[in-house]
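Heads up: the structure comes next, in structure tokens.
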Amino acid sequence: MSRNGFDKKEAHFQPSEVSGVKYYGLVNQGATGFLNSVLQVLYTTQVFRERITSHIRNDPETKHIDRELNDLFLKLELNVAHTNNITDKLEISNVNVQRDAAEVYEKILRQTSPEASQMFRGKLTYRNTCQECHVPTESGSGFWLLPLSLSNNEDYSVERGILDFFHSSHISGDDQMYCETCDDKRDAVLETEITHPPEVLVLLLKCFDFDQTCKRYKTCSSVDVPMVLNVQNQTYELHAIVEHKGGIGRYIATIRSSYDGRWYTFDDRYVTLSRNQYFQYCLTERFSSAYLLFYQKRKAASYHGLLNLGATCYLNCILQVLFRTAAFRERVNNYVQNNPGTEHIDHELTDLFCELEGHWTYTYKIVKKLKIDNVFEPRDAAENYEKILRQTSLEASQIFHGELENISKCLDCGEEYKSTAGFWHLPLSLVDSADGYSVHRGLQDFFQREREVQMYCEECFKTCNAHTYCSLKLCPEVLVLLMKRFEYDNRHKIFVKNNCAVEVPYSLLIQPSYMYELYACVEHYGDLAYGHYISKIKDDGRWFFFNDLSVTSHIFEEKPTEKSETAYLLFYRRKTDSFNRDVSTARTPQEEHAIAEQNTKDNEKDGEDGTQDNNEKRPDDHEGSPHGGISENRYMDHLDQQFDQHHEEGSYIGAQALAEVENIRACESLMDIGNDQDDDEDRCAARVEQRGTENFDQ
């Protein structure tokens, strides 16, 4: 048994899983926590890892430590790893001697190829200006980290430390400096500036001072650490902290995941979600054991918008969400590489995503592929989301693919009939209650409410009354929920929008035990005639608003839930198959008991019911896709394809609904992009520019 009572062998196979990515620890060889903490930071620095791999590919016989690092990083992707090859390369002979994490950090980078290590390398320029002749003298030096002194008498601030480090000082008296121009000692002004800012800025908090009696002692001052740091016109964001705990102490690393923005603690072989999720409610946190701070340069121009071709905001918002869904983007790219002549829309999506990485761009190719003839006609974002996925390769689209099992029970003989159907999203009615509308109650109503229908029973040989309900048979990697805001008014024969505030949780527990996290939301503003779509997306721990060409960041206090009057499509990413229940959608004991009883009955009667294999099945393009344009009864009943069903009116605006509200179109002009094969992108751009003086979708 190891410390804290955990079995080492058992912990070896207990990684932390985040959005499909597993984090594993490193074995402590004796007292190598100083090495493990630094290696975990380097491993989670994605660009560094990519450059290591690139160097190995270009120079297989390299003498740098890149080879050992690359081997270690590959092992870390699969399991807990050992660092024996690293300690041998660094010539650390005695692994039972405690060492300094900052020293081993520099030692690793000095032995790393310049291609990889240069992202941590900065350059300082020292300028001495004579106060007599005012002639400056400059000298420079490179650095791997900037040391900031701590005060033992008062609490310390990193921002004040940076100001002190670059603060100019006046030299006079006995400290005068020799001036070559004056050929004498003169008063001088000393200045320091960063002439080459590194991609990753590392700050060393000098908590170890030399004491003549004890030979060394640790300063235990609290340090105010900012999430965002401005250093001489450069903006950095905190990525990782190497902490030193205790006197002789041990090292651990606290790292912000680039996949979900949450903080994780790397303590040798143990990787856990940090108990304190820092910077949720303020941009500065106080640490008592911080030693090395790793700040990554913020890429201000990494997010780009899409041009609105007339009224194509419904398309732009969906494309931005798909682009920011990393797994989808990677699978689309892989499919195109393996199938260069594909007829799927993957090819057009790959071209668009490549352009979005560098600058704002157009969506002409996507519009043509989707055969959108009139770009000035307002359409439904959910409809186009499904349309894109139906034309995408199975390899990529299955990320959003789930399956429902519909169970119908005859009330006369008790016979049960089961059928399955795929879905791209789940349509939730805005169920009202004394507390208002919520996604939680919408899901409960969707899965728990029985509906009474009529069906033909093969046992009774007649049409009988039956109860039908559904359950989630296959949970998708990305669960999309549709808020059914568009309702048909039978009295006025038009569709109207429900602008009620909906309580949206940031975390969601879906039966039986799948934890999901909200990472994107498509919002609809205005009414049907002059509405507008935007997308709100969480990327690298921050939220961004994508409004056609405009992209802005938004910092806010993320609470467990948020009330929204505009949320339309909610994108939840599956985090882990954990049984954690500290979310707003946890079931009550009564609900758990009812579900357990139902599962027991299902297992007894399961047998060979003819259900299809989940792995290869796609959502049916027509009946199997639970589109919001059909009512709840129709959606539930159409799953059982053996019997005739009773259909009601639609619940939100779709393609057919748009035809019924033709009078609310913002523009009667048509722009035939899909059918005009000779119209190239330049001519399309000219036509958009000619007609684009009005904003038809706002």
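Numbering starts fresh at 1 for the residues of each chain in the structure tokens, the chains themselves are lettered A, B, ... in the order given, and ligands are numbered from 1 as they appear.
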Can you pull out every residue within 10 Å of Cys182 of chain A, counting only C-alpha atoms, but drop anything in the same chain fewer than 4 positions away, and send it as a list in words?
Cys130, Glu132, Cys133, Val135, Tyr178 and Arg186 of chain A
Determine the nearest neighbour of Glu565 of chain A from the options A:Tyr437, A:Tyr364, A:Phe546, A:Phe446, counting only C-alpha atoms.
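So, comparing all the options, the nearest one is A:Tyr437.
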Please identify which residues in segment 214-332 of chain A DSSP calls strand (DSSP E or B) from the backbone, and express them as a PyMOL selection string.
chain A and resi 217-218+223-226+228-231+234-245+250-256+263-267+270-273+284-287+290-297+306
What does the structure give for the distance between atom CA of Thr420 of chain A and atom CA of Lys473 of chain A, in Å to one decimal?
8.1 Å
Wanna dump the segment 240-351 of chain A-segment 381-391 of chain A contacts at 7 Å for me, each residue with its shortest atom pair and the distance in Å to one decimal, counting only C-alpha atoms, ordered by chain and number, as a Markdown table?
```
| residue | atom | partner | partner_atom | distance |
| --- | --- | --- | --- | --- |
| A:Tyr314 | CA | A:Ala381 | CA | 4.6 |
| A:Leu315 | CA | A:Ala381 | CA | 6.4 |
| A:Ile318 | CA | A:Tyr385 | CA | 6.2 |
| A:His344 | CA | A:Gln391 | CA | 5.6 |
| A:Ile345 | CA | A:Gln391 | CA | 5.6 |
```
Would you mind exporting N, CA and C atoms of the selected residues as a PDB file, in the first residue's frame?
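part_11.pdb, freshly written:
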```
ATOM      1  N   TYR A 314     -27.582  31.302 -39.774  1.00  0.00           N
ATOM      2  CA  TYR A 314     -27.986  29.973 -39.312  1.00  0.00           C
ATOM      3  C   TYR A 314     -26.943  28.923 -39.678  1.00  0.00           C
ATOM      4  N   LEU A 315     -26.213  29.152 -40.767  1.00  0.00           N
ATOM      5  CA  LEU A 315     -25.163  28.236 -41.197  1.00  0.00           C
ATOM      6  C   LEU A 315     -23.838  28.540 -40.503  1.00  0.00           C
ATOM      7  N   ILE A 318     -23.459  27.126 -36.864  1.00  0.00           N
ATOM      8  CA  ILE A 318     -23.249  25.675 -36.807  1.00  0.00           C
ATOM      9  C   ILE A 318     -21.833  25.314 -37.234  1.00  0.00           C
ATOM     10  N   HIS A 344     -18.535  13.002 -49.949  1.00  0.00           N
ATOM     11  CA  HIS A 344     -19.085  13.563 -48.716  1.00  0.00           C
ATOM     12  C   HIS A 344     -18.697  15.033 -48.596  1.00  0.00           C
ATOM     13  N   ILE A 345     -19.346  15.718 -47.681  1.00  0.00           N
ATOM     14  CA  ILE A 345     -19.068  17.140 -47.475  1.00  0.00           C
ATOM     15  C   ILE A 345     -17.780  17.346 -46.683  1.00  0.00           C
TER      16      ILE A 345
END
```
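Closest to Arg331 of chain A among A:Ser393, A:Lys462, A:Lys559, A:Tyr533 is A:Ser393, based on only C-alpha atoms.
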Helix (DSSP H, G or I) residues, from DSSP on the backbone, in segment 33-137 of chain A, as a PyMOL selection string:
chain A and resi 33-44+46-58+66-76+84-89+101-110+114-120
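The gap separating atom CA of Gly261 of chain A from atom CA of Thr363 of chain A is 29.7 Å, in Å to one decimal.
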Atomic separation - atom CA of Lys89 of chain A relative to atom CA of Asn58 of chain A, Å:
20.7 Å
